[in-house]
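A.B. asks: For reference, this is target-v1.tsv, and it has TSV, C-alpha atoms.
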```tsv
chain	number	residue	atom	x	y	z
A	9	MET	CA	46.60	34.85	18.41
A	10	GLU	CA	44.56	34.03	21.52
A	11	ASP	CA	45.60	37.32	23.15
A	12	THR	CA	44.43	39.30	20.10
A	13	VAL	CA	41.08	37.53	20.05
A	14	LYS	CA	40.67	38.32	23.76
A	15	LYS	CA	41.41	42.00	23.10
A	16	ILE	CA	38.73	42.16	20.40
A	17	ARG	CA	36.17	40.48	22.65
A	18	SER	CA	37.14	42.77	25.53
A	19	LEU	CA	36.53	45.86	23.39
A	20	ARG	CA	33.07	44.56	22.57
A	21	GLU	CA	32.27	43.92	26.24
A	22	THR	CA	33.51	47.37	27.24
A	23	LEU	CA	31.20	49.04	24.73
A	24	GLU	CA	28.20	47.00	25.77
A	25	ASN	CA	28.77	47.52	29.48
A	26	THR	CA	29.39	51.26	29.14
A	27	PHE	CA	26.14	51.97	27.33
A	28	HIS	CA	24.01	49.07	28.60
A	29	ALA	CA	23.56	48.21	24.96
A	30	LYS	CA	24.19	45.28	22.65
A	31	LEU	CA	26.37	45.18	19.57
A	32	THR	CA	25.40	43.37	16.41
A	33	LEU	CA	28.09	42.97	13.76
A	34	HIS	CA	27.55	42.01	10.13
A	35	ASP	CA	30.86	40.73	8.77
A	36	HIS	CA	30.62	41.34	5.03
A	37	ILE	CA	34.00	39.99	3.94
A	38	GLY	CA	34.77	37.49	6.69
A	39	ILE	CA	37.35	39.71	8.35
A	40	PHE	CA	36.15	38.63	11.81
A	41	THR	CA	36.28	34.96	10.84
A	42	LEU	CA	39.59	33.12	10.97
A	43	PRO	CA	40.63	30.96	7.99
A	44	ASP	CA	39.72	27.81	9.92
A	45	GLY	CA	36.14	29.09	10.29
A	46	THR	CA	36.44	30.23	13.94
A	47	LYS	CA	34.31	33.29	14.69
A	48	ILE	CA	36.26	35.97	16.56
A	49	LEU	CA	32.99	37.38	17.88
A	50	PRO	CA	30.58	34.42	18.05
A	51	GLY	CA	26.88	35.08	18.48
A	52	ILE	CA	27.13	38.76	17.60
A	53	ASN	CA	25.61	38.53	14.13
A	54	ILE	CA	21.93	38.47	15.21
A	55	HIS	CA	20.01	41.15	17.08
A	56	SER	CA	19.40	39.81	20.58
A	57	SER	CA	17.00	42.38	22.02
A	58	PRO	CA	13.76	41.01	23.54
A	59	CYS	CA	11.96	43.61	21.41
A	60	CYS	CA	13.48	42.13	18.26
A	61	ALA	CA	12.67	38.59	19.42
A	62	PHE	CA	9.06	39.66	19.94
A	63	TRP	CA	8.70	40.17	16.18
A	64	TYR	CA	10.05	36.75	15.24
A	65	SER	CA	7.16	36.20	12.83
A	66	SER	CA	8.13	39.45	11.05
A	67	ARG	CA	11.82	38.62	10.70
A	68	GLU	CA	11.72	39.12	6.95
A	69	ARG	CA	10.65	42.69	7.58
A	70	CYS	CA	13.44	43.03	10.16
A	71	GLY	CA	15.91	41.63	7.65
A	72	GLU	CA	14.80	44.16	5.06
A	73	HIS	CA	15.58	46.94	7.55
A	74	CYS	CA	18.90	45.70	8.99
A	75	ASN	CA	20.57	43.25	6.62
A	76	TYR	CA	19.58	45.10	3.50
A	77	GLY	CA	18.40	48.67	4.04
A	78	ALA	CA	20.72	49.84	6.80
A	79	THR	CA	23.69	47.90	5.46
A	80	ARG	CA	23.27	49.36	1.99
A	81	ARG	CA	22.96	52.86	3.45
A	82	ALA	CA	26.12	52.29	5.49
A	83	ALA	CA	28.03	51.29	2.37
A	84	GLU	CA	26.81	54.37	0.50
A	85	GLU	CA	27.17	57.02	3.22
A	86	LYS	CA	30.39	55.67	4.74
A	87	LYS	CA	29.66	57.32	8.08
A	88	PRO	CA	27.63	56.55	11.23
A	89	PHE	CA	23.90	57.27	11.28
A	90	VAL	CA	20.86	56.60	13.45
A	91	ALA	CA	18.33	54.03	12.25
A	92	SER	CA	14.92	53.24	13.71
A	93	CYS	CA	12.81	50.29	12.60
A	94	PHE	CA	9.06	49.84	12.30
A	95	CYS	CA	8.75	48.81	15.96
A	96	GLY	CA	10.56	51.89	17.28
A	97	VAL	CA	13.88	50.24	18.12
A	98	THR	CA	16.70	52.73	17.57
A	99	GLU	CA	20.36	51.94	16.91
A	100	LEU	CA	23.54	53.72	15.92
A	101	VAL	CA	24.87	52.16	12.71
A	102	MET	CA	28.62	52.31	12.11
A	103	PRO	CA	30.19	51.13	8.82
A	104	LEU	CA	33.76	49.85	9.02
A	105	PHE	CA	35.95	50.20	5.94
A	106	SER	CA	39.21	48.47	5.13
A	107	GLY	CA	40.60	50.81	2.53
A	108	ASN	CA	37.77	51.25	0.03
A	109	ILE	CA	36.09	47.98	0.99
A	110	HIS	CA	33.01	47.94	3.22
A	111	ALA	CA	34.27	45.25	5.58
A	112	ALA	CA	31.64	45.22	8.33
A	113	THR	CA	28.71	47.08	9.84
A	114	ILE	CA	28.16	47.50	13.58
A	115	PHE	CA	24.69	48.11	15.03
A	116	ALA	CA	24.82	49.58	18.56
A	117	GLY	CA	21.54	49.40	20.45
A	118	MET	CA	18.85	48.85	21.25
A	119	PHE	CA	17.27	52.08	22.50
A	120	ARG	CA	13.72	53.36	22.77
A	121	GLN	CA	12.48	56.63	21.35
A	122	LYS	CA	11.11	59.13	23.83
A	123	ASN	CA	7.86	59.90	22.01
A	124	PHE	CA	7.31	56.74	19.98
A	125	ASP	CA	3.60	55.98	19.61
A	126	LEU	CA	2.97	52.55	21.14
A	127	SER	CA	-0.84	52.73	21.09
A	128	SER	CA	-1.21	50.18	18.28
A	129	PHE	CA	1.26	47.68	19.77
A	130	PRO	CA	0.46	44.73	22.07
A	131	LEU	CA	0.74	45.36	25.81
A	132	ARG	CA	3.58	42.85	26.22
A	133	TYR	CA	5.63	44.64	23.58
A	134	ARG	CA	5.01	48.01	25.22
A	135	ARG	CA	6.41	46.68	28.48
A	136	LEU	CA	9.49	45.29	26.75
A	137	TYR	CA	9.98	48.55	24.90
A	138	GLN	CA	9.90	50.65	28.06
A	139	GLN	CA	12.68	48.53	29.57
A	140	MET	CA	15.19	49.72	26.97
A	141	PRO	CA	17.39	52.77	27.66
A	142	GLU	CA	16.18	55.98	26.06
A	143	TRP	CA	17.89	57.38	22.99
A	144	SER	CA	19.10	60.98	23.10
A	145	ASP	CA	21.53	63.33	21.38
A	146	SER	CA	23.92	63.05	24.33
A	147	VAL	CA	23.90	59.25	24.04
A	148	ARG	CA	24.68	59.53	20.34
A	149	GLU	CA	27.58	61.90	20.86
A	150	SER	CA	29.39	59.73	23.38
A	151	LEU	CA	28.45	56.40	21.77
A	152	GLU	CA	29.53	57.49	18.31
A	153	ALA	CA	32.98	58.56	19.49
A	154	LEU	CA	33.60	55.35	21.43
A	155	LEU	CA	32.09	53.11	18.75
A	156	PHE	CA	34.29	54.62	16.06
A	157	SER	CA	37.42	54.12	18.15
A	158	ALA	CA	36.56	50.62	19.34
A	159	GLY	CA	35.15	49.51	15.99
A	160	TYR	CA	38.26	50.39	14.02
A	161	SER	CA	40.47	48.99	16.78
A	162	MET	CA	38.65	45.65	16.45
A	163	LEU	CA	38.96	45.80	12.66
A	164	MET	CA	42.70	46.54	12.86
A	165	LEU	CA	43.27	43.68	15.30
A	166	ALA	CA	41.27	41.30	13.10
A	167	GLU	CA	43.27	42.33	10.03
A	168	ASN	CA	46.51	41.79	11.92
A	169	LEU	CA	45.37	38.31	12.87
A	170	ARG	CA	44.97	37.44	9.22
A	171	LYS	CA	48.34	38.95	8.31
A	172	THR	CA	50.11	36.74	10.84
A	173	ASP	CA	48.16	33.60	9.94
A	174	LYS	CA	50.30	31.31	7.81
A	175	SER	CA	47.37	30.34	5.61
A	176	GLU	CA	46.93	34.01	4.68
A	177	GLN	CA	50.53	34.61	3.62
A	178	GLY	CA	52.05	34.44	0.15
A	179	ARG	CA	50.25	34.26	-3.16
A	180	ALA	CA	47.59	31.92	-1.81
A	181	GLY	CA	46.76	34.44	0.90
A	182	GLU	CA	46.49	37.25	-1.64
A	183	ILE	CA	44.13	35.14	-3.74
A	184	ARG	CA	41.93	34.25	-0.75
A	185	LYS	CA	41.73	37.90	0.20
A	186	PHE	CA	40.75	38.85	-3.36
A	187	PHE	CA	37.83	36.44	-3.44
A	188	ARG	CA	36.80	37.32	0.13
A	189	THR	CA	36.55	41.02	-0.71
A	190	CYS	CA	35.37	40.95	-4.33
A	191	TYR	CA	32.88	38.06	-4.35
A	192	ALA	CA	29.82	40.33	-4.79
A	193	GLN	CA	31.30	42.27	-7.70
A	194	ASN	CA	31.26	41.59	-11.41
A	195	THR	CA	34.87	40.45	-11.49
A	196	GLY	CA	37.06	38.27	-13.68
A	197	VAL	CA	40.46	36.68	-13.88
A	198	SER	CA	41.90	39.91	-15.35
A	199	ASP	CA	41.05	41.72	-12.10
A	200	LEU	CA	42.86	39.11	-10.02
A	201	ALA	CA	45.83	39.17	-12.41
A	202	GLU	CA	46.08	42.94	-11.93
A	203	VAL	CA	46.05	42.57	-8.13
A	204	LEU	CA	48.77	39.91	-8.28
A	205	GLY	CA	50.82	41.77	-10.89
A	206	LEU	CA	50.79	38.76	-13.18
A	207	SER	CA	49.56	37.93	-16.68
A	208	GLU	CA	46.17	36.25	-17.02
A	209	SER	CA	47.73	33.01	-18.22
A	210	ARG	CA	50.14	32.97	-15.28
A	211	THR	CA	47.27	33.71	-12.89
A	212	ILE	CA	45.22	30.81	-14.26
A	213	HIS	CA	48.21	28.50	-13.85
A	214	LEU	CA	48.73	29.75	-10.27
A	215	LEU	CA	45.12	29.01	-9.33
A	216	GLN	CA	45.45	25.47	-10.56
A	217	SER	CA	48.77	25.05	-8.77
A	218	GLU	CA	47.58	26.46	-5.42
A	219	PHE	CA	43.95	25.33	-5.33
A	220	GLN	CA	43.46	22.83	-8.18
A	221	LYS	CA	40.49	24.96	-9.23
A	222	GLY	CA	39.70	27.62	-11.80
A	223	PHE	CA	38.71	31.24	-11.23
A	224	SER	CA	34.96	30.69	-11.74
A	225	GLN	CA	34.82	27.79	-9.30
A	226	LEU	CA	36.68	29.68	-6.58
A	227	LEU	CA	34.47	32.73	-7.07
A	228	THR	CA	31.30	30.63	-6.97
A	229	GLU	CA	32.40	28.84	-3.81
A	230	GLU	CA	33.13	32.14	-2.07
A	231	ARG	CA	29.74	33.50	-3.11
A	232	LEU	CA	28.02	30.38	-1.78
A	233	LYS	CA	29.72	30.86	1.61
A	234	HIS	CA	28.03	34.23	1.91
A	235	VAL	CA	24.73	32.83	0.69
A	236	GLU	CA	24.82	30.29	3.53
A	237	GLN	CA	25.67	33.04	6.00
A	238	LEU	CA	22.71	35.15	4.90
A	239	LEU	CA	20.39	32.14	4.89
A	240	ILE	CA	21.03	31.50	8.57
A	241	GLU	CA	21.52	35.08	9.78
A	242	SER	CA	18.54	36.66	8.05
A	243	ASP	CA	15.11	36.05	6.61
A	244	LEU	CA	15.84	38.01	3.47
A	245	PRO	CA	14.15	36.70	0.33
A	246	LEU	CA	16.35	34.76	-2.05
A	247	ARG	CA	16.33	37.49	-4.70
A	248	LYS	CA	18.04	39.89	-2.31
A	249	ILE	CA	20.47	37.27	-1.08
A	250	ALA	CA	21.38	36.64	-4.72
A	251	GLU	CA	21.95	40.35	-5.28
A	252	MET	CA	24.10	40.72	-2.15
A	253	SER	CA	26.18	37.63	-2.99
A	254	GLY	CA	27.02	38.39	-6.62
A	255	PHE	CA	24.52	36.12	-8.39
A	256	SER	CA	22.55	37.55	-11.30
A	257	ASN	CA	19.18	36.39	-9.93
A	258	GLU	CA	17.59	33.98	-7.47
A	259	TYR	CA	16.90	31.33	-10.14
A	260	TYR	CA	20.54	31.03	-11.11
A	261	LEU	CA	21.52	31.03	-7.43
A	262	SER	CA	19.11	28.16	-6.72
A	263	THR	CA	20.49	26.14	-9.63
A	264	VAL	CA	24.10	26.62	-8.53
A	265	PHE	CA	23.32	26.07	-4.85
A	266	LYS	CA	21.56	22.77	-5.53
A	267	LYS	CA	24.44	21.64	-7.74
A	268	TYR	CA	26.93	22.17	-4.91
A	269	HIS	CA	24.80	21.16	-1.91
A	270	GLY	CA	22.24	18.75	-3.34
A	271	ILE	CA	19.34	20.67	-1.78
A	272	SER	CA	17.63	24.01	-2.38
A	273	PRO	CA	18.55	27.20	-0.47
A	274	GLY	CA	15.19	27.04	1.34
A	275	GLN	CA	15.85	23.49	2.53
A	276	LYS	CA	19.35	24.46	3.64
A	277	ARG	CA	18.01	27.45	5.58
A	278	LYS	CA	15.54	25.24	7.44
A	279	ILE	CA	18.20	22.65	8.31
A	280	MET	CA	20.68	25.24	9.58
A	281	LYS	CA	18.12	27.07	11.70
A	282	ASP	CA	16.81	23.82	13.16
A	283	GLU	CA	20.36	23.09	14.30
A	284	LEU	CA	20.67	26.37	16.23
```
Represent the structure contained in this file as structure tokens.

C.D. replies:
Amino acid sequence: MEDTVKKIRSLRETLENTFHAKLTLHDHIGIFTLPDGTKILPGINIHSSPCCAFWYSSRERCGEHCNYGATRRAAEEKKPFVASCFCGVTELVMPLFSGNIHAATIFAGMFRQKNFDLSSFPLRYRRLYQQMPEWSDSVRESLEALLFSAGYSMLMLAENLRKTDKSEQGRAGEIRKFFRTCYAQNTGVSDLAEVLGLSESRTIHLLQSEFQKGFSQLLTEERLKHVEQLLIESDLPLRKIAEMSGFSNEYYLSTVFKKYHGISPGQKRKIMKDEL
């Protein structure tokens, strides 16, 4: 397992060193997180460019662009594309699919645009911006080819890690995978029964036997894991976090979150970010 993790991390370093760029990875289904909670690629979930850090007070706007806008586009288009934000930072966005499931999105950047108008930006930001490598068609061509190859290699290695992990094997492993990949969908016990090839009554019995919990509780707990992830990794408003995590609206999410955690999502976000 350690050798596989090293290979994944080595692929990331090779990409970053080759293009003098940074990778940001949004892990939508936890494929790059081991069952014990260990991150295969720690610290890669937040954009680390000085230009991004400069706009800390506008992080909600940044979250709208990256965590919501670009990620949604990646899921819909299912192919790499170039995205530029309001402050001129340009990245190549690469969706990674496991079968039909949008497993992760890689952002490769950050680059500056050749003719981006900086006249309305503070002097300090202009200086930071000019320090970034320049984006060009030739950069895209070579980066896209390598990112596709390395990205899917990392995904394959991560999937293999889960297949060999004892906690992911058997019926319990199948059930965990179902909730990990379908948490944001309008799904029910009949969908899980179909995946397992069992009757609904047998599936309900299996959940109680393996987890001592029902379908709704397991689904809610999986959704709340992703809510916590979005709370700490983004500044997205709660209504969009609810939408991305499978909750009908932010009010219901708040009620459920407080029931499980004893505090509101806003309080939890503050606590987690203060601990960073």

A.B. asks: Quick one: everything within 12 Å of range 9-26 of chain A, counting all atoms listed in the file, minus sequence neighbours fewer than 4 positions away in the same chain. Send it as an MDAnalysis selection string.

C.D. replies: chainID A and resid 30:33 40:42 46:52 114:118 147 150:174

A.B. asks: How big is the axis-aligned box around the listed atoms of range 220-224 of chain A once 6 Å is added on each side, and where is its centre? Give both in Å to one decimal, as JSON.

C.D. replies:
```
{"center_x": 39.2, "center_y": 27.0, "center_z": -10.0, "size_x": 20.5, "size_y": 20.4, "size_z": 15.6}
```

A.B. asks: Within 12 Å of (23.3, 34.0, -7.9), in the coordinates the file gives, what residues turn up when you count all atoms listed in the file, written out as an MDAnalysis selection string?

C.D. replies: chainID A and resid 191:194 227:235 246:266 273

A.B. asks: Distance CA of Val97 in chain A-CA of Cys59 in chain A, one decimal place?

C.D. replies: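 According to the coordinates, CA of Val97 in chain A and CA of Cys59 in chain A are separated by 7.6 Å.
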
A.B. asks: Quick one: of A:His36, A:Arg148, A:Lys221, A:Lys276, who's nearest to Phe119 in chain A, counting all atoms listed in the file?

C.D. replies: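 Closest to Phe119 in chain A of all the choices is A:Arg148.
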
A.B. asks: Could you extract range 136-161 of chain A of the given structure into a file holding N, CA and C atoms, as an mmCIF file, in the first residue's frame?

C.D. replies:
```cif
data_model
loop_
_atom_site.group_PDB
_atom_site.id
_atom_site.type_symbol
_atom_site.label_atom_id
_atom_site.label_comp_id
_atom_site.auth_asym_id
_atom_site.auth_seq_id
_atom_site.Cartn_x
_atom_site.Cartn_y
_atom_site.Cartn_z
ATOM 1 N N LEU A 136 2.456 39.966 -8.311
ATOM 2 C CA LEU A 136 2.271 38.528 -8.117
ATOM 3 C C LEU A 136 1.835 37.857 -9.419
ATOM 4 N N TYR A 137 0.975 38.523 -10.128
ATOM 5 C CA TYR A 137 0.428 37.965 -11.376
ATOM 6 C C TYR A 137 1.526 37.756 -12.415
ATOM 7 N N GLN A 138 2.410 38.736 -12.525
ATOM 8 C CA GLN A 138 3.476 38.661 -13.521
ATOM 9 C C GLN A 138 4.492 37.567 -13.214
ATOM 10 N N GLN A 139 4.504 37.069 -11.993
ATOM 11 C CA GLN A 139 5.450 36.019 -11.616
ATOM 12 C C GLN A 139 4.997 34.630 -12.080
ATOM 13 N N MET A 140 3.747 34.504 -12.465
ATOM 14 C CA MET A 140 3.239 33.213 -12.917
ATOM 15 C C MET A 140 3.679 32.944 -14.353
ATOM 16 N N PRO A 141 3.849 31.660 -14.728
ATOM 17 C CA PRO A 141 4.170 31.342 -16.125
ATOM 18 C C PRO A 141 3.011 31.726 -17.035
ATOM 19 N N GLU A 142 3.325 32.038 -18.268
ATOM 20 C CA GLU A 142 2.306 32.493 -19.217
ATOM 21 C C GLU A 142 1.602 31.320 -19.882
ATOM 22 N N TRP A 143 0.292 31.442 -20.007
ATOM 23 C CA TRP A 143 -0.503 30.415 -20.667
ATOM 24 C C TRP A 143 -0.405 30.570 -22.177
ATOM 25 N N SER A 144 -0.362 29.444 -22.885
ATOM 26 C CA SER A 144 -0.312 29.470 -24.344
ATOM 27 C C SER A 144 -0.893 28.176 -24.883
ATOM 28 N N ASP A 145 -1.169 28.155 -26.178
ATOM 29 C CA ASP A 145 -1.700 26.949 -26.813
ATOM 30 C C ASP A 145 -0.712 25.791 -26.718
ATOM 31 N N SER A 146 0.572 26.092 -26.819
ATOM 32 C CA SER A 146 1.586 25.029 -26.745
ATOM 33 C C SER A 146 1.639 24.430 -25.342
ATOM 34 N N VAL A 147 1.461 25.272 -24.321
ATOM 35 C CA VAL A 147 1.402 24.767 -22.951
ATOM 36 C C VAL A 147 0.197 23.848 -22.793
ATOM 37 N N ARG A 148 -0.933 24.267 -23.331
ATOM 38 C CA ARG A 148 -2.143 23.450 -23.208
ATOM 39 C C ARG A 148 -1.961 22.082 -23.859
ATOM 40 N N GLU A 149 -1.391 22.070 -25.048
ATOM 41 C CA GLU A 149 -1.252 20.813 -25.777
ATOM 42 C C GLU A 149 -0.426 19.792 -25.001
ATOM 43 N N SER A 150 0.710 20.218 -24.502
ATOM 44 C CA SER A 150 1.579 19.290 -23.782
ATOM 45 C C SER A 150 1.029 18.966 -22.389
ATOM 46 N N LEU A 151 0.475 19.972 -21.707
ATOM 47 C CA LEU A 151 -0.064 19.757 -20.368
ATOM 48 C C LEU A 151 -1.272 18.839 -20.399
ATOM 49 N N GLU A 152 -2.137 19.035 -21.379
ATOM 50 C CA GLU A 152 -3.352 18.225 -21.460
ATOM 51 C C GLU A 152 -3.023 16.747 -21.647
ATOM 52 N N ALA A 153 -2.058 16.468 -22.515
ATOM 53 C CA ALA A 153 -1.683 15.077 -22.774
ATOM 54 C C ALA A 153 -1.111 14.417 -21.520
ATOM 55 N N LEU A 154 -0.213 15.122 -20.844
ATOM 56 C CA LEU A 154 0.415 14.557 -19.655
ATOM 57 C C LEU A 154 -0.568 14.479 -18.484
ATOM 58 N N LEU A 155 -1.434 15.482 -18.365
ATOM 59 C CA LEU A 155 -2.397 15.496 -17.265
ATOM 60 C C LEU A 155 -3.411 14.364 -17.413
ATOM 61 N N PHE A 156 -3.824 14.100 -18.629
ATOM 62 C CA PHE A 156 -4.763 13.006 -18.869
ATOM 63 C C PHE A 156 -4.139 11.681 -18.465
ATOM 64 N N SER A 157 -2.904 11.461 -18.921
ATOM 65 C CA SER A 157 -2.209 10.212 -18.620
ATOM 66 C C SER A 157 -1.951 10.052 -17.127
ATOM 67 N N ALA A 158 -1.391 11.095 -16.509
ATOM 68 C CA ALA A 158 -1.056 11.022 -15.086
ATOM 69 C C ALA A 158 -2.313 10.996 -14.228
ATOM 70 N N GLY A 159 -3.326 11.775 -14.604
ATOM 71 C CA GLY A 159 -4.553 11.833 -13.824
ATOM 72 C C GLY A 159 -5.247 10.481 -13.738
ATOM 73 N N TYR A 160 -5.380 9.814 -14.878
ATOM 74 C CA TYR A 160 -6.049 8.515 -14.871
ATOM 75 C C TYR A 160 -5.155 7.424 -14.284
ATOM 76 N N SER A 161 -3.851 7.610 -14.358
ATOM 77 C CA SER A 161 -2.951 6.670 -13.675
ATOM 78 C C SER A 161 -3.136 6.777 -12.162
#
```
